[in-house]
Amino acid sequence: NSEYLHVDETPIKVLDKDKKGETHRGYYWVYHNSLKDLVLFDYQPGRGREGPSAMLKDFKGHIQTDGYSGYNFLHKEEGITLFHCWAHARRKFYDALLNDEARATYALEQIQLLYTIERSAREAGMTAQEVLVLRQRVAVPVLQALKEWMVKTYQEVTPASVIGKALAYTLKLWDGLTAYATDGKLNIDNNQVENAIRPVAVGRKNYLFAGSHEAAQRSAMLYSLLGTCKLHRINPFEWMKDVLQRIGTYPVNQISNLLPYQWRSSNL
């Protein structure tokens, strides 16, 4: 029901009775709404398009992802604008510093200019319309000059080099990387959903695997609820304690009132 989502996926080992002596590699697909501070984890057995295709079948709006090709089918979906993440492009040039310090440093400096523009907009508390005007006036010229430099520079480097791969990655996704400058509500990167995924990395080190595909989906539900608590600055323990004490006798037709973002409103 939102008009803008960040999407990413992360692996999870799962015990599977059909695979003796080894674990199955499943995935949490994570959908983050940065406009309303909501996050949803959905477990899927694989990394194919089946999961996001089912989840997003009625979605209309902007979807921001990294460059993973599994999202490319969204380009063909009516009413969906797929665009990309500057943080991922930036990492490619960090990786290229040891390969070609001068060129990688220049690219990073120009990308940093784009982030400086975003920081100034946040610090000024600008509206989406004001952000759009700022980006069109200041960011777009930086983007145009950066693309010209990248096209020229790519012809000067070896495509198989680290700097060559960084340039190729960025130029291939250029339209998706620059789409954020056309709408003030959009973010320059996908860091919001990556931040939501971080607890999974901690969890993997502790519990190592999910006991079954069903258990992995139950974990996804908990990550969704507790992740939304975090986004709304709610103490997860306090929320869970209150909900578990009340849910048994709570009217079933009002159960959504106990979801973190609703609970927060009713407990202010």
# chains A, B, ... in the order shown; residues from 1 in each chain; ligands from 1

$ select_by_dssp --residues "segment 222-262 of chain A" --states "alpha helix (DSSP H)" --output "PyMOL selection string"
chain A and resi 222-231+236-246+260-262

$ write_last_selection --atoms "C-alpha atoms" --output "PDB file, in the first residue's frame"
ATOM      1  CA  LEU A 222       9.767 -11.735  14.457  1.00  0.00           C
ATOM      2  CA  TYR A 223      12.389  -9.763  12.549  1.00  0.00           C
ATOM      3  CA  SER A 224       9.545  -7.773  10.958  1.00  0.00           C
ATOM      4  CA  LEU A 225       7.890  -6.934  14.264  1.00  0.00           C
ATOM      5  CA  LEU A 226      11.048  -6.166  16.226  1.00  0.00           C
ATOM      6  CA  GLY A 227      12.579  -4.309  13.284  1.00  0.00           C
ATOM      7  CA  THR A 228       9.528  -2.057  13.109  1.00  0.00           C
ATOM      8  CA  CYS A 229       9.813  -1.455  16.867  1.00  0.00           C
ATOM      9  CA  LYS A 230      13.360  -0.264  16.297  1.00  0.00           C
ATOM     10  CA  LEU A 231      12.315   2.084  13.481  1.00  0.00           C
ATOM     11  CA  PRO A 236      11.106  -4.318  21.849  1.00  0.00           C
ATOM     12  CA  PHE A 237      10.928  -5.944  25.277  1.00  0.00           C
ATOM     13  CA  GLU A 238       8.284  -3.518  26.506  1.00  0.00           C
ATOM     14  CA  TRP A 239       6.224  -3.980  23.331  1.00  0.00           C
ATOM     15  CA  MET A 240       6.435  -7.767  23.411  1.00  0.00           C
ATOM     16  CA  LYS A 241       5.679  -8.015  27.131  1.00  0.00           C
ATOM     17  CA  ASP A 242       2.591  -5.820  26.776  1.00  0.00           C
ATOM     18  CA  VAL A 243       1.314  -7.591  23.650  1.00  0.00           C
ATOM     19  CA  LEU A 244       1.792 -11.101  25.029  1.00  0.00           C
ATOM     20  CA  GLN A 245      -0.119 -10.156  28.176  1.00  0.00           C
ATOM     21  CA  ARG A 246      -3.056  -8.696  26.240  1.00  0.00           C
ATOM     22  CA  PRO A 260       4.299  -1.739  16.723  1.00  0.00           C
ATOM     23  CA  TYR A 261       3.431   1.423  14.800  1.00  0.00           C
ATOM     24  CA  GLN A 262      -0.204   1.273  15.974  1.00  0.00           C
TER      25      GLN A 262
END

$ residues_around --residues "segment 87-97 of chain A" --least-positions-apart "6" --cutoff "9 Å" --atoms "only C-alpha atoms" --output "list in words"
Asp66, Gly67, Arg103, Ala104, Thr105, Ala107, Leu108, Ile111, Gln112, Ser161, Val162, Ile163, Gly164, Lys165, Ala166, Leu167, Tyr169, Thr170, Leu177, Ile188, Asp189, Asn190 and Asn191 of chain A

$ closest_residue --among "A:Leu114, A:Val202, A:Ala128, A:Ala220" --to "Thr178 of chain A" --atoms "only C-alpha atoms"
A:Leu114

$ select_by_dssp --residues "segment 38-265 of chain A" --states "strand (DSSP E)" --output "tab-separated table (two decimals) with C-alpha atoms, in the first residue's frame"
chain	number	residue	atom	x	y	z
A	38	LEU	CA	7.96	-0.12	8.37
A	39	VAL	CA	9.98	-3.22	7.56
A	40	LEU	CA	8.83	-6.66	6.42
A	41	PHE	CA	10.97	-9.81	6.26
A	42	ASP	CA	9.68	-12.58	4.00
A	43	TYR	CA	11.43	-15.96	3.96
A	44	GLN	CA	11.79	-17.73	0.63
A	61	GLY	CA	5.48	3.13	-7.23
A	62	HIS	CA	9.27	3.30	-6.82
A	63	ILE	CA	11.41	0.34	-5.77
A	64	GLN	CA	15.06	0.86	-4.85
A	80	ILE	CA	6.72	0.29	-11.11
A	81	THR	CA	9.88	2.39	-11.40
A	82	LEU	CA	12.99	0.41	-10.47
A	83	PHE	CA	16.04	2.43	-9.49

$ residues_around --residues "Ala121 of chain A" --least-positions-apart "6" --cutoff "9 Å" --atoms "only C-alpha atoms" --output "PyMOL selection string"
chain A and resi 127+130-131+134

$ closest_residue --among "A:Arg233, A:Lys147, A:Lys36, A:Arg135" --to "Glu118 of chain A" --atoms "only C-alpha atoms"
A:Arg135

$ residues_around --residues "Ala181 of chain A" --least-positions-apart "3" --cutoff "8 Å" --atoms "only C-alpha atoms" --output "list in words"
Leu132, Arg135, Gln136, Ala139, Val140, Thr178, Gly184 and Leu186 of chain A

$ residues_around --residues "Gln192 of chain A" --least-positions-apart "4" --cutoff "9 Å" --atoms "only C-alpha atoms" --output "number ranges by chain"
A: 6, 32-34, 196-197

$ write_last_selection --atoms "all heavy atoms" --output "PDB file, in the first residue's frame"
ATOM      1  N   HIS A   6      12.330   0.155  -0.330  1.00  0.00           N
ATOM      2  CA  HIS A   6      13.675  -0.367  -0.479  1.00  0.00           C
ATOM      3  C   HIS A   6      13.567  -1.886  -0.392  1.00  0.00           C
ATOM      4  O   HIS A   6      12.852  -2.410   0.464  1.00  0.00           O
ATOM      5  CB  HIS A   6      14.584   0.113   0.652  1.00  0.00           C
ATOM      6  CG  HIS A   6      14.665   1.597   0.792  1.00  0.00           C
ATOM      7  ND1 HIS A   6      15.639   2.348   0.178  1.00  0.00           N
ATOM      8  CD2 HIS A   6      13.900   2.475   1.472  1.00  0.00           C
ATOM      9  CE1 HIS A   6      15.470   3.622   0.483  1.00  0.00           C
ATOM     10  NE2 HIS A   6      14.417   3.727   1.268  1.00  0.00           N
ATOM     11  N   HIS A  32      11.436  -2.468   2.904  1.00  0.00           N
ATOM     12  CA  HIS A  32      11.512  -1.372   3.874  1.00  0.00           C
ATOM     13  C   HIS A  32      10.809  -0.145   3.317  1.00  0.00           C
ATOM     14  O   HIS A  32      11.087   0.296   2.206  1.00  0.00           O
ATOM     15  CB  HIS A  32      12.980  -1.041   4.165  1.00  0.00           C
ATOM     16  CG  HIS A  32      13.180   0.000   5.218  1.00  0.00           C
ATOM     17  ND1 HIS A  32      12.975   1.343   4.981  1.00  0.00           N
ATOM     18  CD2 HIS A  32      13.563  -0.089   6.519  1.00  0.00           C
ATOM     19  CE1 HIS A  32      13.224   2.024   6.086  1.00  0.00           C
ATOM     20  NE2 HIS A  32      13.579   1.177   7.035  1.00  0.00           N
ATOM     21  N   ASN A  33       9.884   0.388   4.103  1.00  0.00           N
ATOM     22  CA  ASN A  33       9.167   1.614   3.743  1.00  0.00           C
ATOM     23  C   ASN A  33       9.742   2.752   4.583  1.00  0.00           C
ATOM     24  O   ASN A  33       9.434   2.867   5.770  1.00  0.00           O
ATOM     25  CB  ASN A  33       7.668   1.424   4.023  1.00  0.00           C
ATOM     26  CG  ASN A  33       6.855   2.674   3.705  1.00  0.00           C
ATOM     27  OD1 ASN A  33       7.387   3.774   3.597  1.00  0.00           O
ATOM     28  ND2 ASN A  33       5.551   2.492   3.555  1.00  0.00           N
ATOM     29  N   SER A  34      10.609   3.552   3.963  1.00  0.00           N
ATOM     30  CA  SER A  34      11.276   4.622   4.717  1.00  0.00           C
ATOM     31  C   SER A  34      10.379   5.829   4.931  1.00  0.00           C
ATOM     32  O   SER A  34      10.715   6.711   5.731  1.00  0.00           O
ATOM     33  CB  SER A  34      12.557   5.057   4.003  1.00  0.00           C
ATOM     34  OG  SER A  34      12.280   5.567   2.718  1.00  0.00           O
ATOM     35  N   ALA A 196      18.307  -2.397   8.381  1.00  0.00           N
ATOM     36  CA  ALA A 196      17.297  -3.302   8.942  1.00  0.00           C
ATOM     37  C   ALA A 196      17.763  -4.751   8.908  1.00  0.00           C
ATOM     38  O   ALA A 196      17.350  -5.569   9.735  1.00  0.00           O
ATOM     39  CB  ALA A 196      15.980  -3.152   8.171  1.00  0.00           C
ATOM     40  N   ILE A 197      18.647  -5.076   7.960  1.00  0.00           N
ATOM     41  CA  ILE A 197      19.122  -6.449   7.803  1.00  0.00           C
ATOM     42  C   ILE A 197      20.235  -6.793   8.786  1.00  0.00           C
ATOM     43  O   ILE A 197      20.465  -7.962   9.102  1.00  0.00           O
ATOM     44  CB  ILE A 197      19.597  -6.666   6.343  1.00  0.00           C
ATOM     45  CG1 ILE A 197      18.379  -6.782   5.407  1.00  0.00           C
ATOM     46  CG2 ILE A 197      20.474  -7.907   6.203  1.00  0.00           C
ATOM     47  CD1 ILE A 197      18.742  -6.882   3.954  1.00  0.00           C
TER      48      ILE A 197
END

$ closest_residue --among "A:Tyr68, A:Tyr180, A:Tyr250, A:Tyr115" --to "Tyr4 of chain A" --atoms "only C-alpha atoms"
A:Tyr180

$ atom_distance --atom1 "atom CA of Leu113 of chain A" --atom2 "atom CA of Thr182 of chain A"
17.4 Å

$ decode --residues "segment 181-214 of chain A" --atoms "N, CA, C and O atoms" --output "CSV table (one decimal), in the first residue's frame"
chain,number,residue,atom,x,y,z
A,181,ALA,N,17.2,11.8,-8.3
A,181,ALA,CA,17.2,13.2,-8.5
A,181,ALA,C,16.0,13.8,-9.2
A,181,ALA,O,15.8,15.0,-9.3
A,182,THR,N,15.0,12.9,-9.5
A,182,THR,CA,13.8,13.3,-10.2
A,182,THR,C,12.6,13.4,-9.2
A,182,THR,O,11.5,13.8,-9.6
A,183,ASP,N,12.8,13.0,-8.0
A,183,ASP,CA,11.7,13.0,-7.0
A,183,ASP,C,12.3,13.2,-5.6
A,183,ASP,O,13.2,12.4,-5.1
A,184,GLY,N,11.8,14.2,-4.9
A,184,GLY,CA,12.4,14.6,-3.6
A,184,GLY,C,12.2,13.6,-2.5
A,184,GLY,O,12.9,13.7,-1.5
A,185,LYS,N,11.2,12.7,-2.7
A,185,LYS,CA,11.0,11.8,-1.6
A,185,LYS,C,11.9,10.6,-1.6
A,185,LYS,O,12.0,9.8,-0.7
A,186,LEU,N,12.6,10.4,-2.7
A,186,LEU,CA,13.5,9.2,-2.9
A,186,LEU,C,14.8,9.5,-2.2
A,186,LEU,O,15.3,10.6,-2.1
A,187,ASN,N,15.5,8.4,-1.8
A,187,ASN,CA,16.8,8.4,-1.2
A,187,ASN,C,17.9,8.1,-2.2
A,187,ASN,O,17.7,7.4,-3.2
A,188,ILE,N,19.1,8.6,-1.9
A,188,ILE,CA,20.2,8.4,-2.8
A,188,ILE,C,20.7,7.0,-2.7
A,188,ILE,O,21.4,6.5,-3.6
A,189,ASP,N,20.4,6.3,-1.6
A,189,ASP,CA,20.9,4.9,-1.5
A,189,ASP,C,19.9,4.0,-0.8
A,189,ASP,O,18.8,4.4,-0.4
A,190,ASN,N,20.3,2.7,-0.6
A,190,ASN,CA,19.5,1.7,-0.1
A,190,ASN,C,19.9,1.4,1.4
A,190,ASN,O,19.6,0.3,1.9
A,191,ASN,N,20.5,2.3,2.0
A,191,ASN,CA,21.1,2.0,3.4
A,191,ASN,C,20.0,1.7,4.4
A,191,ASN,O,20.3,1.0,5.4
A,192,GLN,N,18.8,2.3,4.2
A,192,GLN,CA,17.8,2.0,5.2
A,192,GLN,C,17.4,0.5,5.3
A,192,GLN,O,17.3,0.0,6.5
A,193,VAL,N,17.3,-0.1,4.2
A,193,VAL,CA,17.0,-1.6,4.3
A,193,VAL,C,18.2,-2.4,4.7
A,193,VAL,O,18.1,-3.4,5.4
A,194,GLU,N,19.4,-1.9,4.4
A,194,GLU,CA,20.6,-2.6,4.8
A,194,GLU,C,20.8,-2.5,6.3
A,194,GLU,O,21.2,-3.5,7.0
A,195,ASN,N,20.4,-1.4,6.9
A,195,ASN,CA,20.4,-1.2,8.4
A,195,ASN,C,19.5,-2.2,9.0
A,195,ASN,O,19.7,-2.7,10.1
A,196,ALA,N,18.3,-2.4,8.4
A,196,ALA,CA,17.3,-3.3,8.9
A,196,ALA,C,17.8,-4.8,8.9
A,196,ALA,O,17.3,-5.6,9.7
A,197,ILE,N,18.6,-5.1,8.0
A,197,ILE,CA,19.1,-6.4,7.8
A,197,ILE,C,20.2,-6.8,8.8
A,197,ILE,O,20.5,-8.0,9.1
A,198,ARG,N,20.9,-5.8,9.3
A,198,ARG,CA,22.1,-6.1,10.2
A,198,ARG,C,21.8,-7.0,11.3
A,198,ARG,O,22.7,-7.9,11.6
A,199,PRO,N,20.7,-7.0,12.0
A,199,PRO,CA,20.5,-7.9,13.1
A,199,PRO,C,20.5,-9.4,12.6
A,199,PRO,O,20.8,-10.3,13.4
A,200,VAL,N,20.2,-9.6,11.3
A,200,VAL,CA,20.2,-11.0,10.8
A,200,VAL,C,21.7,-11.5,10.8
A,200,VAL,O,21.9,-12.7,11.2
A,201,ALA,N,22.6,-10.6,10.5
A,201,ALA,CA,24.0,-11.1,10.5
A,201,ALA,C,24.5,-11.5,11.9
A,201,ALA,O,25.2,-12.4,12.1
A,202,VAL,N,24.0,-10.7,12.9
A,202,VAL,CA,24.3,-11.0,14.3
A,202,VAL,C,23.7,-12.4,14.7
A,202,VAL,O,24.3,-13.2,15.3
A,203,GLY,N,22.4,-12.5,14.3
A,203,GLY,CA,21.7,-13.8,14.5
A,203,GLY,C,22.4,-15.0,14.0
A,203,GLY,O,22.5,-16.0,14.6
A,204,ARG,N,22.8,-14.9,12.7
A,204,ARG,CA,23.5,-16.0,12.1
A,204,ARG,C,24.7,-16.5,12.8
A,204,ARG,O,25.0,-17.7,12.8
A,205,LYS,N,25.4,-15.6,13.5
A,205,LYS,CA,26.6,-16.0,14.3
A,205,LYS,C,26.2,-16.7,15.6
A,205,LYS,O,27.0,-17.4,16.1
A,206,ASN,N,24.9,-16.5,16.0
A,206,ASN,CA,24.5,-17.1,17.3
A,206,ASN,C,23.7,-18.4,17.1
A,206,ASN,O,24.0,-19.4,17.7
A,207,TYR,N,22.7,-18.3,16.3
A,207,TYR,CA,21.8,-19.5,16.2
A,207,TYR,C,22.2,-20.4,15.0
A,207,TYR,O,21.8,-21.5,14.8
A,208,LEU,N,23.1,-19.9,14.1
A,208,LEU,CA,23.7,-20.6,13.0
A,208,LEU,C,22.8,-21.0,11.9
A,208,LEU,O,23.1,-20.9,10.7
A,209,PHE,N,21.6,-21.5,12.2
A,209,PHE,CA,20.6,-21.9,11.2
A,209,PHE,C,19.2,-21.9,11.7
A,209,PHE,O,19.0,-21.9,12.9
A,210,ALA,N,18.2,-22.0,10.8
A,210,ALA,CA,16.8,-22.2,11.2
A,210,ALA,C,16.6,-23.7,11.2
A,210,ALA,O,17.1,-24.4,10.3
A,211,GLY,N,15.7,-24.2,12.0
A,211,GLY,CA,15.4,-25.6,12.1
A,211,GLY,C,14.6,-26.2,11.0
A,211,GLY,O,14.6,-27.4,10.8
A,212,SER,N,13.9,-25.3,10.3
A,212,SER,CA,13.1,-25.8,9.2
A,212,SER,C,12.7,-24.6,8.3
A,212,SER,O,12.9,-23.4,8.8
A,213,HIS,N,12.1,-24.8,7.2
A,213,HIS,CA,11.6,-23.7,6.4
A,213,HIS,C,10.5,-22.9,7.1
A,213,HIS,O,10.4,-21.7,7.0
A,214,GLU,N,9.7,-23.7,7.8
A,214,GLU,CA,8.6,-23.0,8.6
A,214,GLU,C,9.2,-22.2,9.7
A,214,GLU,O,8.7,-21.1,10.0
